[in-house]
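Source file: input.cif. Holds: mmCIF, C-alpha atoms and all ligand atoms.
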data_coords
#
loop_
_atom_site.group_PDB
_atom_site.id
_atom_site.type_symbol
_atom_site.label_atom_id
_atom_site.label_comp_id
_atom_site.auth_asym_id
_atom_site.auth_seq_id
_atom_site.Cartn_x
_atom_site.Cartn_y
_atom_site.Cartn_z
ATOM 1 C CA MET F 1 -52.782 74.737 87.343
ATOM 2 C CA SER F 2 -50.675 72.144 85.573
ATOM 3 C CA GLU F 3 -47.460 71.270 87.361
ATOM 4 C CA ARG F 4 -45.915 69.426 84.492
ATOM 5 C CA VAL F 5 -42.566 70.165 82.879
ATOM 6 C CA ALA F 6 -41.561 70.394 79.213
ATOM 7 C CA ASP F 7 -37.944 69.903 78.168
ATOM 8 C CA ALA F 8 -36.693 70.570 74.637
ATOM 9 C CA HIS F 9 -33.338 68.793 74.766
ATOM 10 C CA VAL F 10 -31.814 65.706 76.343
ATOM 11 C CA ASP F 11 -29.090 63.408 75.020
ATOM 12 C CA VAL F 12 -30.334 60.215 76.623
ATOM 13 C CA LEU F 13 -30.544 58.379 73.258
ATOM 14 C CA MET F 14 -26.852 59.005 72.612
ATOM 15 C CA ARG F 15 -25.939 57.668 76.058
ATOM 16 C CA MET F 16 -28.152 54.623 75.692
ATOM 17 C CA VAL F 17 -26.570 53.763 72.332
ATOM 18 C CA GLU F 18 -22.959 54.610 73.232
ATOM 19 C CA GLU F 19 -22.981 53.077 76.709
ATOM 20 C CA GLY F 20 -25.463 50.271 76.053
ATOM 21 C CA LEU F 21 -27.763 51.467 78.859
ATOM 22 C CA SER F 22 -31.439 50.608 79.097
ATOM 23 C CA PHE F 23 -34.052 53.377 79.519
ATOM 24 C CA ASP F 24 -34.702 52.377 83.128
ATOM 25 C CA ASP F 25 -31.010 52.492 84.100
ATOM 26 C CA GLY F 26 -30.741 54.673 87.217
ATOM 27 C CA ARG F 27 -27.502 56.247 85.948
ATOM 28 C CA LEU F 28 -29.403 58.179 83.256
ATOM 29 C CA SER F 29 -30.325 61.795 84.038
ATOM 30 C CA ALA F 30 -33.283 61.701 81.651
ATOM 31 C CA GLY F 31 -34.205 58.025 81.755
ATOM 32 C CA HIS F 32 -37.516 56.531 82.815
ATOM 33 C CA THR F 33 -36.995 57.075 86.557
ATOM 34 C CA ALA F 34 -35.777 60.688 86.408
ATOM 35 C CA LEU F 35 -38.370 61.877 83.856
ATOM 36 C CA THR F 36 -41.184 60.381 85.912
ATOM 37 C CA ALA F 37 -39.837 61.796 89.195
ATOM 38 C CA GLY F 38 -39.515 65.267 87.627
ATOM 39 C CA GLY F 39 -43.094 65.382 86.350
ATOM 40 C CA VAL F 40 -42.011 65.721 82.723
ATOM 41 C CA GLY F 41 -44.996 65.852 80.338
ATOM 42 C CA THR F 42 -43.274 66.706 77.051
ATOM 43 C CA GLN F 43 -39.743 65.600 76.243
ATOM 44 C CA VAL F 44 -37.772 66.196 73.075
ATOM 45 C CA PHE F 45 -35.148 63.487 72.537
ATOM 46 C CA ALA F 46 -32.161 64.774 70.561
ATOM 47 C CA LEU F 47 -30.487 62.715 67.851
ATOM 48 C CA PHE F 48 -26.898 63.746 68.462
ATOM 49 C CA VAL F 49 -23.880 62.432 66.600
ATOM 50 C CA TRP F 50 -20.263 63.537 66.759
ATOM 51 C CA PRO F 51 -19.594 65.822 63.768
ATOM 52 C CA HIS F 52 -16.080 64.455 63.125
ATOM 53 C CA LEU F 53 -17.654 61.270 61.701
ATOM 54 C CA SER F 54 -18.246 61.031 57.953
ATOM 55 C CA PRO F 55 -21.780 61.986 56.799
ATOM 56 C CA GLN F 56 -22.490 58.281 56.137
ATOM 57 C CA ASP F 57 -21.381 57.275 59.634
ATOM 58 C CA GLN F 58 -23.384 60.153 61.125
ATOM 59 C CA LEU F 59 -26.516 58.974 59.315
ATOM 60 C CA GLU F 60 -25.937 55.418 60.522
ATOM 61 C CA GLN F 61 -25.636 56.699 64.095
ATOM 62 C CA VAL F 62 -28.815 58.786 63.730
ATOM 63 C CA LEU F 63 -30.663 55.673 62.547
ATOM 64 C CA ARG F 64 -29.295 53.732 65.510
ATOM 65 C CA GLU F 65 -30.605 56.388 67.924
ATOM 66 C CA LEU F 66 -33.980 56.433 66.141
ATOM 67 C CA ASP F 67 -34.144 52.672 66.534
ATOM 68 C CA CYS F 68 -33.296 53.059 70.234
ATOM 69 C CA PHE F 69 -36.152 55.577 70.613
ATOM 70 C CA TYR F 70 -38.757 53.353 68.952
ATOM 71 C CA ARG F 71 -37.523 49.958 70.243
ATOM 72 C CA GLN F 72 -36.493 50.868 73.790
ATOM 73 C CA VAL F 73 -37.843 54.234 74.941
ATOM 74 C CA VAL F 74 -41.331 54.045 73.443
ATOM 75 C CA THR F 75 -41.819 50.396 74.405
ATOM 76 C CA SER F 76 -41.101 51.269 78.058
ATOM 77 C CA GLY F 77 -44.742 52.332 78.428
ATOM 78 C CA THR F 78 -43.739 55.713 79.940
ATOM 79 C CA VAL F 79 -43.165 57.573 76.691
ATOM 80 C CA GLU F 80 -45.402 57.779 73.648
ATOM 81 C CA ALA F 81 -43.935 58.842 70.292
ATOM 82 C CA VAL F 82 -45.859 61.891 69.078
ATOM 83 C CA ARG F 83 -45.737 63.828 65.820
ATOM 84 C CA THR F 84 -48.477 66.469 66.256
ATOM 85 C CA TRP F 85 -49.598 68.605 69.182
ATOM 86 C CA GLN F 86 -52.862 66.693 69.268
ATOM 87 C CA ASP F 87 -50.900 63.422 69.684
ATOM 88 C CA ALA F 88 -49.008 65.060 72.549
ATOM 89 C CA GLU F 89 -52.186 66.100 74.356
ATOM 90 C CA THR F 90 -53.665 62.624 73.927
ATOM 91 C CA ALA F 91 -50.493 61.008 75.303
ATOM 92 C CA MET F 92 -50.390 63.307 78.345
ATOM 93 C CA ALA F 93 -54.104 62.759 79.020
ATOM 94 C CA LYS F 94 -53.245 59.047 79.351
ATOM 95 C CA GLY F 95 -50.512 59.909 81.861
ATOM 96 C CA ARG F 96 -47.725 59.245 79.377
ATOM 97 C CA ILE F 97 -44.807 61.486 78.420
ATOM 98 C CA ALA F 98 -45.174 63.009 74.935
ATOM 99 C CA GLY F 99 -41.884 62.091 73.236
ATOM 100 C CA LEU F 100 -40.623 64.106 70.268
ATOM 101 C CA LEU F 101 -37.474 63.792 68.195
ATOM 102 C CA SER F 102 -35.064 66.496 67.014
ATOM 103 C CA LEU F 103 -31.858 66.377 65.028
ATOM 104 C CA GLU F 104 -28.837 68.093 66.606
ATOM 105 C CA GLY F 105 -26.544 68.988 63.730
ATOM 106 C CA GLY F 106 -27.209 68.351 60.057
ATOM 107 C CA GLY F 107 -23.944 66.662 59.062
ATOM 108 C CA CYS F 108 -25.832 63.447 58.330
ATOM 109 C CA LEU F 109 -27.812 65.191 55.568
ATOM 110 C CA HIS F 110 -24.646 65.622 53.521
ATOM 111 C CA GLY F 111 -26.304 68.790 52.205
ATOM 112 C CA GLN F 112 -29.300 66.947 50.760
ATOM 113 C CA VAL F 113 -32.899 67.839 51.583
ATOM 114 C CA HIS F 114 -34.258 64.404 50.667
ATOM 115 C CA VAL F 115 -32.483 62.964 53.740
ATOM 116 C CA LEU F 116 -34.290 65.573 55.849
ATOM 117 C CA ARG F 117 -37.629 64.564 54.325
ATOM 118 C CA ASN F 118 -36.929 60.924 55.186
ATOM 119 C CA LEU F 119 -36.126 61.883 58.779
ATOM 120 C CA TYR F 120 -39.384 63.860 58.925
ATOM 121 C CA ASP F 121 -41.228 60.718 57.812
ATOM 122 C CA LEU F 122 -39.498 58.827 60.644
ATOM 123 C CA GLY F 123 -40.951 61.318 63.138
ATOM 124 C CA VAL F 124 -38.239 63.971 63.484
ATOM 125 C CA ARG F 125 -39.916 67.351 64.041
ATOM 126 C CA GLY F 126 -37.095 69.834 64.673
ATOM 127 C CA MET F 127 -33.509 70.436 63.642
ATOM 128 C CA GLY F 128 -30.443 72.509 64.408
ATOM 129 C CA LEU F 129 -28.212 72.985 61.372
ATOM 130 C CA THR F 130 -24.923 72.443 63.213
ATOM 131 C CA TRP F 131 -23.275 71.333 66.390
ATOM 132 C CA ASN F 132 -20.227 73.472 67.331
ATOM 133 C CA ASP F 133 -18.284 72.881 64.106
ATOM 134 C CA ALA F 134 -18.910 73.692 60.456
ATOM 135 C CA ASN F 135 -20.681 71.258 58.140
ATOM 136 C CA GLU F 136 -22.168 71.387 54.629
ATOM 137 C CA LEU F 137 -25.021 73.577 55.904
ATOM 138 C CA ALA F 138 -23.435 76.280 58.072
ATOM 139 C CA ASP F 139 -20.737 77.178 60.578
ATOM 140 C CA GLY F 140 -21.300 76.270 64.211
ATOM 141 C CA CYS F 141 -20.656 78.714 67.054
ATOM 142 C CA ARG F 142 -17.097 77.471 67.727
ATOM 143 C CA GLU F 143 -15.928 77.487 64.122
ATOM 144 C CA PRO F 144 -13.270 80.255 64.061
ATOM 145 C CA ARG F 145 -14.259 81.332 60.535
ATOM 146 C CA GLY F 146 -17.680 82.458 61.835
ATOM 147 C CA ALA F 147 -19.441 82.161 58.487
ATOM 148 C CA GLY F 148 -23.196 81.796 58.035
ATOM 149 C CA LEU F 149 -25.377 79.489 55.968
ATOM 150 C CA THR F 150 -24.250 77.765 52.786
ATOM 151 C CA ARG F 151 -26.526 77.398 49.790
ATOM 152 C CA ALA F 152 -27.453 73.900 51.008
ATOM 153 C CA GLY F 153 -28.106 75.295 54.498
ATOM 154 C CA ARG F 154 -30.544 77.821 53.069
ATOM 155 C CA GLU F 155 -32.355 75.087 51.181
ATOM 156 C CA VAL F 156 -32.622 73.023 54.366
ATOM 157 C CA VAL F 157 -34.025 75.947 56.382
ATOM 158 C CA ARG F 158 -36.695 76.613 53.732
ATOM 159 C CA GLU F 159 -37.570 72.900 53.682
ATOM 160 C CA LEU F 160 -37.820 72.758 57.500
ATOM 161 C CA VAL F 161 -40.353 75.587 57.430
ATOM 162 C CA ARG F 162 -42.236 74.041 54.503
ATOM 163 C CA LEU F 163 -42.481 70.671 56.304
ATOM 164 C CA GLY F 164 -43.690 72.316 59.533
ATOM 165 C CA MET F 165 -40.560 71.478 61.545
ATOM 166 C CA TRP F 166 -38.940 73.852 64.035
ATOM 167 C CA VAL F 167 -35.667 75.595 63.182
ATOM 168 C CA ASP F 168 -33.285 75.363 66.147
ATOM 169 C CA ILE F 169 -30.571 78.055 66.335
ATOM 170 C CA ALA F 170 -28.708 76.549 69.328
ATOM 171 C CA HIS F 171 -25.043 75.836 68.402
ATOM 172 C CA LEU F 172 -25.233 77.948 65.229
ATOM 173 C CA SER F 173 -22.743 80.787 64.555
ATOM 174 C CA ASP F 174 -24.038 84.346 65.129
ATOM 175 C CA ARG F 175 -23.760 84.983 61.410
ATOM 176 C CA GLY F 176 -25.767 81.824 60.745
ATOM 177 C CA VAL F 177 -28.497 82.963 63.161
ATOM 178 C CA TYR F 178 -28.863 86.291 61.323
ATOM 179 C CA ASP F 179 -28.905 84.440 57.991
ATOM 180 C CA VAL F 180 -31.833 82.353 59.293
ATOM 181 C CA PHE F 181 -33.611 85.543 60.427
ATOM 182 C CA ASP F 182 -33.099 87.087 56.959
ATOM 183 C CA LEU F 183 -34.243 83.968 55.147
ATOM 184 C CA VAL F 184 -37.483 83.059 56.912
ATOM 185 C CA ASP F 185 -40.111 84.771 59.046
ATOM 186 C CA ALA F 186 -40.721 81.625 61.063
ATOM 187 C CA PRO F 187 -40.842 81.612 64.881
ATOM 188 C CA VAL F 188 -37.451 79.965 65.360
ATOM 189 C CA MET F 189 -36.317 78.441 68.636
ATOM 190 C CA ALA F 190 -33.084 77.842 70.541
ATOM 191 C CA SER F 191 -33.522 74.431 72.150
ATOM 192 C CA HIS F 192 -30.716 74.759 74.707
ATOM 193 C CA ALA F 193 -28.911 78.083 75.213
ATOM 194 C CA ASN F 194 -28.563 80.829 77.825
ATOM 195 C CA ALA F 195 -27.978 84.600 77.836
ATOM 196 C CA ARG F 196 -24.585 85.926 76.720
ATOM 197 C CA ALA F 197 -25.127 89.198 78.629
ATOM 198 C CA VAL F 198 -25.193 87.181 81.867
ATOM 199 C CA TYR F 199 -22.291 84.896 80.988
ATOM 200 C CA ASN F 200 -20.189 85.473 77.897
ATOM 201 C CA HIS F 201 -19.973 82.142 76.084
ATOM 202 C CA PRO F 202 -20.301 81.479 72.330
ATOM 203 C CA ARG F 203 -23.083 78.949 73.031
ATOM 204 C CA ASN F 204 -25.189 81.683 74.649
ATOM 205 C CA LEU F 205 -27.433 84.140 72.794
ATOM 206 C CA ASN F 206 -26.883 87.905 72.622
ATOM 207 C CA ASP F 207 -29.706 90.257 73.632
ATOM 208 C CA ASP F 208 -30.474 91.238 70.057
ATOM 209 C CA VAL F 209 -31.042 87.595 69.065
ATOM 210 C CA ILE F 210 -33.148 86.936 72.170
ATOM 211 C CA GLN F 211 -35.335 89.943 71.384
ATOM 212 C CA GLU F 212 -35.795 88.862 67.769
ATOM 213 C CA VAL F 213 -36.832 85.341 68.863
ATOM 214 C CA VAL F 214 -39.336 86.919 71.268
ATOM 215 C CA ARG F 215 -40.633 89.290 68.569
ATOM 216 C CA ARG F 216 -41.310 86.242 66.370
ATOM 217 C CA ASN F 217 -43.118 84.464 69.203
ATOM 218 C CA GLY F 218 -40.420 81.786 69.085
ATOM 219 C CA TRP F 219 -38.973 80.017 72.093
ATOM 220 C CA ILE F 220 -35.715 79.684 74.082
ATOM 221 C CA GLY F 221 -34.799 76.771 76.359
ATOM 222 C CA LEU F 222 -32.458 77.541 79.268
ATOM 223 C CA THR F 223 -29.809 74.867 79.560
ATOM 224 C CA PHE F 224 -28.105 73.442 82.624
ATOM 225 C CA GLU F 225 -24.544 72.983 81.410
ATOM 226 C CA ALA F 226 -22.507 74.727 84.123
ATOM 227 C CA SER F 227 -19.885 76.082 81.704
ATOM 228 C CA PHE F 228 -22.608 78.104 79.883
ATOM 229 C CA LEU F 229 -24.134 79.430 83.108
ATOM 230 C CA GLY F 230 -21.054 80.891 84.798
ATOM 231 C CA ASN F 231 -17.673 79.821 86.095
ATOM 232 C CA PRO F 232 -18.226 76.046 86.031
ATOM 233 C CA SER F 233 -16.392 75.428 89.317
ATOM 234 C CA ASP F 234 -18.906 77.364 91.428
ATOM 235 C CA VAL F 235 -22.174 77.356 89.459
ATOM 236 C CA THR F 236 -25.364 76.794 91.456
ATOM 237 C CA VAL F 237 -29.079 76.673 90.637
ATOM 238 C CA ASP F 238 -29.178 80.435 91.332
ATOM 239 C CA ASP F 239 -27.031 81.011 88.245
ATOM 240 C CA ALA F 240 -29.691 79.346 86.087
ATOM 241 C CA LEU F 241 -32.222 81.685 87.709
ATOM 242 C CA ARG F 242 -30.012 84.708 86.855
ATOM 243 C CA HIS F 243 -30.243 83.742 83.169
ATOM 244 C CA LEU F 244 -34.002 83.335 83.515
ATOM 245 C CA GLU F 245 -34.224 86.761 85.176
ATOM 246 C CA HIS F 246 -32.404 88.346 82.239
ATOM 247 C CA LEU F 247 -34.686 86.705 79.679
ATOM 248 C CA LEU F 248 -37.733 87.865 81.622
ATOM 249 C CA GLU F 249 -36.295 91.405 81.627
ATOM 250 C CA LEU F 250 -36.026 91.185 77.837
ATOM 251 C CA GLY F 251 -39.736 90.355 77.591
ATOM 252 C CA ALA F 252 -39.451 86.573 77.190
ATOM 253 C CA GLU F 253 -42.101 85.680 79.785
ATOM 254 C CA ASP F 254 -44.115 83.797 77.134
ATOM 255 C CA CYS F 255 -41.114 82.452 75.202
ATOM 256 C CA VAL F 256 -38.742 80.873 77.727
ATOM 257 C CA GLY F 257 -38.530 77.339 79.092
ATOM 258 C CA PHE F 258 -35.999 74.529 79.483
ATOM 259 C CA GLY F 259 -33.730 72.521 77.219
ATOM 260 C CA SER F 260 -31.809 70.826 80.001
ATOM 261 C CA ASP F 261 -29.120 68.940 78.042
ATOM 262 C CA PHE F 262 -29.398 66.178 80.667
ATOM 263 C CA ASP F 263 -27.195 63.221 79.705
ATOM 264 C CA GLY F 264 -25.246 65.581 77.427
ATOM 265 C CA THR F 265 -23.614 68.005 79.856
ATOM 266 C CA SER F 266 -19.867 67.963 80.490
ATOM 267 C CA HIS F 267 -20.290 70.042 83.692
ATOM 268 C CA PRO F 268 -23.528 69.206 85.521
ATOM 269 C CA VAL F 269 -24.998 71.798 87.902
ATOM 270 C CA PRO F 270 -25.160 70.561 91.524
ATOM 271 C CA GLY F 271 -28.839 70.209 92.422
ATOM 272 C CA LEU F 272 -29.876 70.459 88.772
ATOM 273 C CA SER F 273 -28.207 67.483 87.129
ATOM 274 C CA SER F 274 -31.201 65.265 86.430
ATOM 275 C CA ALA F 275 -34.845 65.564 85.402
ATOM 276 C CA ALA F 276 -35.664 64.427 88.947
ATOM 277 C CA ASP F 277 -34.468 67.886 90.116
ATOM 278 C CA TYR F 278 -37.246 69.734 88.260
ATOM 279 C CA GLY F 279 -39.489 69.874 91.344
ATOM 280 C CA THR F 280 -36.944 71.969 93.266
ATOM 281 C CA LEU F 281 -36.278 74.252 90.294
ATOM 282 C CA ARG F 282 -39.999 74.815 89.856
ATOM 283 C CA LEU F 283 -40.351 75.800 93.511
ATOM 284 C CA GLY F 284 -37.466 78.277 93.155
ATOM 285 C CA ILE F 285 -39.110 79.906 90.123
ATOM 286 C CA ALA F 286 -42.547 80.034 91.779
ATOM 287 C CA LYS F 287 -41.029 81.631 94.889
ATOM 288 C CA ARG F 288 -39.394 84.402 92.863
ATOM 289 C CA TYR F 289 -41.956 85.054 90.153
ATOM 290 C CA GLY F 290 -45.202 83.449 91.283
ATOM 291 C CA GLU F 291 -47.096 80.337 90.254
ATOM 292 C CA ASN F 292 -48.338 81.747 86.946
ATOM 293 C CA VAL F 293 -44.848 82.490 85.590
ATOM 294 C CA ALA F 294 -43.549 79.167 86.952
ATOM 295 C CA ALA F 295 -46.249 77.252 85.055
ATOM 296 C CA LYS F 296 -45.437 79.099 81.828
ATOM 297 C CA VAL F 297 -41.669 78.636 82.133
ATOM 298 C CA CYS F 298 -41.865 75.009 83.254
ATOM 299 C CA ALA F 299 -44.215 73.815 80.495
ATOM 300 C CA GLY F 300 -46.806 76.279 79.187
ATOM 301 C CA ASN F 301 -44.523 78.247 76.891
ATOM 302 C CA PHE F 302 -42.986 75.248 75.154
ATOM 303 C CA GLU F 303 -46.391 73.612 74.843
ATOM 304 C CA ARG F 304 -47.707 76.842 73.254
ATOM 305 C CA TYR F 305 -44.754 76.805 70.847
ATOM 306 C CA LEU F 306 -45.315 73.173 69.864
ATOM 307 C CA ARG F 307 -49.043 73.799 69.381
ATOM 308 C CA GLN F 308 -48.124 76.607 66.976
ATOM 309 C CA ILE F 309 -45.541 74.602 64.995
ATOM 310 C CA LEU F 310 -47.048 71.104 65.037
ATOM 311 C CA SER F 311 -50.788 71.741 64.565
HETATM 312 ZN ZN ZN H 401 -26.030 70.562 72.335
#

How does the structure come out when it is put into structure tokens?
Ligand SMILES: [Zn+2]
Amino acid sequence: MSERVADAHVDVLMRMVEEGLSFDDGRLSAGHTALTAGGVGTQVFALFVWPHLSPQDQLEQVLRELDCFYRQVVTSGTVEAVRTWQDAETAMAKGRIAGLLSLEGGGCLHGQVHVLRNLYDLGVRGMGLTWNDANELADGCREPRGAGLTRAGREVVRELVRLGMWVDIAHLSDRGVYDVFDLVDAPVMASHANARAVYNHPRNLNDDVIQEVVRRNGWIGLTFEASFLGNPSDVTVDDALRHLEHLLELGAEDCVGFGSDFDGTSHPVPGLSSAADYGTLRLGIAKRYGENVAAKVCAGNFERYLRQILS
């Protein structure tokens, strides 16, 4: 059985650009060394930009991170840029990491779908409409107004589905999530979010949303930001497993995996702060739920999801 790992969200591109780090810098939690040590087979690299910047500045930053991906990450020889599931399988068969790109927050679109189409042509295959704040597309989960999708946001969601990109509901307001559910039948995903019933945080998903994602055969990536897992001062790896347990209880055995947020966390989890820690996490899951569930959670489920969306 495959022992590889799939991870739907890291912010290593942002750190490389902002801090001027190279992909093999040992300080990165999802750089060359850590990804290789953790047995990562599929890695989604997020294009994250701070939403307080103007749409023009956000787009410029997105382009800078794209350039970093193609000029520094892909040229390292570890990661191959892939756009279809077949590309991903070919890359992994060669012993490379299948590298995908997603957009975290749509402020850089300035409400225009043609910008999205250009990003698709540059290899971006998934998108979350917002970060925590509101933008032209929707309200994020920390926007006090709590509104849903704007007209432009609806257009973008329809275009994502039409292009064959994944719709990521992580960071979106609850109202926005239900608007997405009403608008499209697509198997949406939450790239990095945990269960609100286990720890009440606006970035976590309520049971009703989790069950709807499962019903659609979508996917949810557990994330290792301590402040979403429990009281950040005493969070351990067991807290991540408590969130996994809850998702399994809700029937997500075929729809749950990881979106670590490595290189993007404000509160790292001791023992689970880098892709190099995946081996230990995998052992913990296999011990509790058996090898079959561990293989599905660690890679199989996200690979199944990508096969479905990117074929
Ligand atoms: Zn995030």

Using all atoms listed in the file, which protein or nucleic acid residues are at most 8 Å from ligand ZN 401 (chain H), as a list in words? His9, Phe48, Glu104, Trp131, Ala170, His171, His192, Asp261 and Gly264 of chain F

How about saving the chosen residues, C-alpha atoms kept, as a PDB file, in the frame of the given file?
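Listing of out-v2.pdb after writing:
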ATOM      1  CA  HIS F   9     -33.338  68.793  74.766  1.00  0.00           C
ATOM      2  CA  PHE F  48     -26.898  63.746  68.462  1.00  0.00           C
ATOM      3  CA  GLU F 104     -28.837  68.093  66.606  1.00  0.00           C
ATOM      4  CA  TRP F 131     -23.275  71.333  66.390  1.00  0.00           C
ATOM      5  CA  ALA F 170     -28.708  76.549  69.328  1.00  0.00           C
ATOM      6  CA  HIS F 171     -25.043  75.836  68.402  1.00  0.00           C
ATOM      7  CA  HIS F 192     -30.716  74.759  74.707  1.00  0.00           C
ATOM      8  CA  ASP F 261     -29.120  68.940  78.042  1.00  0.00           C
ATOM      9  CA  GLY F 264     -25.246  65.581  77.427  1.00  0.00           C
TER      10      GLY F 264
END

Separation of atom CA of Ala240 of chain F and atom CA of His32 of chain F, in Å?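 So the two atoms, atom CA of Ala240 of chain F and atom CA of His32 of chain F, lie 24.3 Å apart.
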
Considering only C-alpha atoms, state which residue in the set F:Arg64, F:His52, F:Arg15, F:Arg307 is at the smallest distance from Trp166 of chain F. F:Arg307

Hey, what comes out of the PyMOL selection byres (((chain F and resi 106) around 7) and not hetatm) on this file? Could you write it as a PDB file with C-alpha atoms, keeping the file's coordinate frame?
ATOM      1  CA  GLU F 104     -28.837  68.093  66.606  1.00  0.00           C
ATOM      2  CA  GLY F 105     -26.544  68.988  63.730  1.00  0.00           C
ATOM      3  CA  GLY F 107     -23.944  66.662  59.062  1.00  0.00           C
ATOM      4  CA  CYS F 108     -25.832  63.447  58.330  1.00  0.00           C
ATOM      5  CA  LEU F 109     -27.812  65.191  55.568  1.00  0.00           C
ATOM      6  CA  GLY F 128     -30.443  72.509  64.408  1.00  0.00           C
ATOM      7  CA  LEU F 129     -28.212  72.985  61.372  1.00  0.00           C
ATOM      8  CA  THR F 130     -24.923  72.443  63.213  1.00  0.00           C
TER       9      THR F 130
END

Using only C-alpha atoms, which residues sit within 12 Å of Tyr120 of chain F once same-chain residues fewer than 6 positions away are excluded, as a VMD selection string? chain F and resid 66 83 to 84 100 to 103 113 to 114 126 to 127 159 to 166

Next, write the just-selected residues to a file, as a short mmCIF file (atom, residue, chain, number, x, y, z; two decimals), in the coordinates of the input, keeping C-alpha atoms as the atom set.
data_model
loop_
_atom_site.label_atom_id
_atom_site.label_comp_id
_atom_site.auth_asym_id
_atom_site.auth_seq_id
_atom_site.Cartn_x
_atom_site.Cartn_y
_atom_site.Cartn_z
CA LEU F 66 -33.98 56.43 66.14
CA ARG F 83 -45.74 63.83 65.82
CA THR F 84 -48.48 66.47 66.26
CA LEU F 100 -40.62 64.11 70.27
CA LEU F 101 -37.47 63.79 68.19
CA SER F 102 -35.06 66.50 67.01
CA LEU F 103 -31.86 66.38 65.03
CA VAL F 113 -32.90 67.84 51.58
CA HIS F 114 -34.26 64.40 50.67
CA GLY F 126 -37.10 69.83 64.67
CA MET F 127 -33.51 70.44 63.64
CA GLU F 159 -37.57 72.90 53.68
CA LEU F 160 -37.82 72.76 57.50
CA VAL F 161 -40.35 75.59 57.43
CA ARG F 162 -42.24 74.04 54.50
CA LEU F 163 -42.48 70.67 56.30
CA GLY F 164 -43.69 72.32 59.53
CA MET F 165 -40.56 71.48 61.54
CA TRP F 166 -38.94 73.85 64.04
#

Would you translate the PyMOL selection byres (((chain F and resi 142) around 9) and not hetatm) into the concrete set of residues it matches in this file, as a ChimeraX atom specification? /F:131-134,139-141,143-146,171-173,202-203

Mind dumping the selected residues with C-alpha atoms as a PDB file, in the frame of the given file?
ATOM      1  CA  TRP F 131     -23.275  71.333  66.390  1.00  0.00           C
ATOM      2  CA  ASN F 132     -20.227  73.472  67.331  1.00  0.00           C
ATOM      3  CA  ASP F 133     -18.284  72.881  64.106  1.00  0.00           C
ATOM      4  CA  ALA F 134     -18.910  73.692  60.456  1.00  0.00           C
ATOM      5  CA  ASP F 139     -20.737  77.178  60.578  1.00  0.00           C
ATOM      6  CA  GLY F 140     -21.300  76.270  64.211  1.00  0.00           C
ATOM      7  CA  CYS F 141     -20.656  78.714  67.054  1.00  0.00           C
ATOM      8  CA  GLU F 143     -15.928  77.487  64.122  1.00  0.00           C
ATOM      9  CA  PRO F 144     -13.270  80.255  64.061  1.00  0.00           C
ATOM     10  CA  ARG F 145     -14.259  81.332  60.535  1.00  0.00           C
ATOM     11  CA  GLY F 146     -17.680  82.458  61.835  1.00  0.00           C
ATOM     12  CA  HIS F 171     -25.043  75.836  68.402  1.00  0.00           C
ATOM     13  CA  LEU F 172     -25.233  77.948  65.229  1.00  0.00           C
ATOM     14  CA  SER F 173     -22.743  80.787  64.555  1.00  0.00           C
ATOM     15  CA  PRO F 202     -20.301  81.479  72.330  1.00  0.00           C
ATOM     16  CA  ARG F 203     -23.083  78.949  73.031  1.00  0.00           C
TER      17      ARG F 203
END
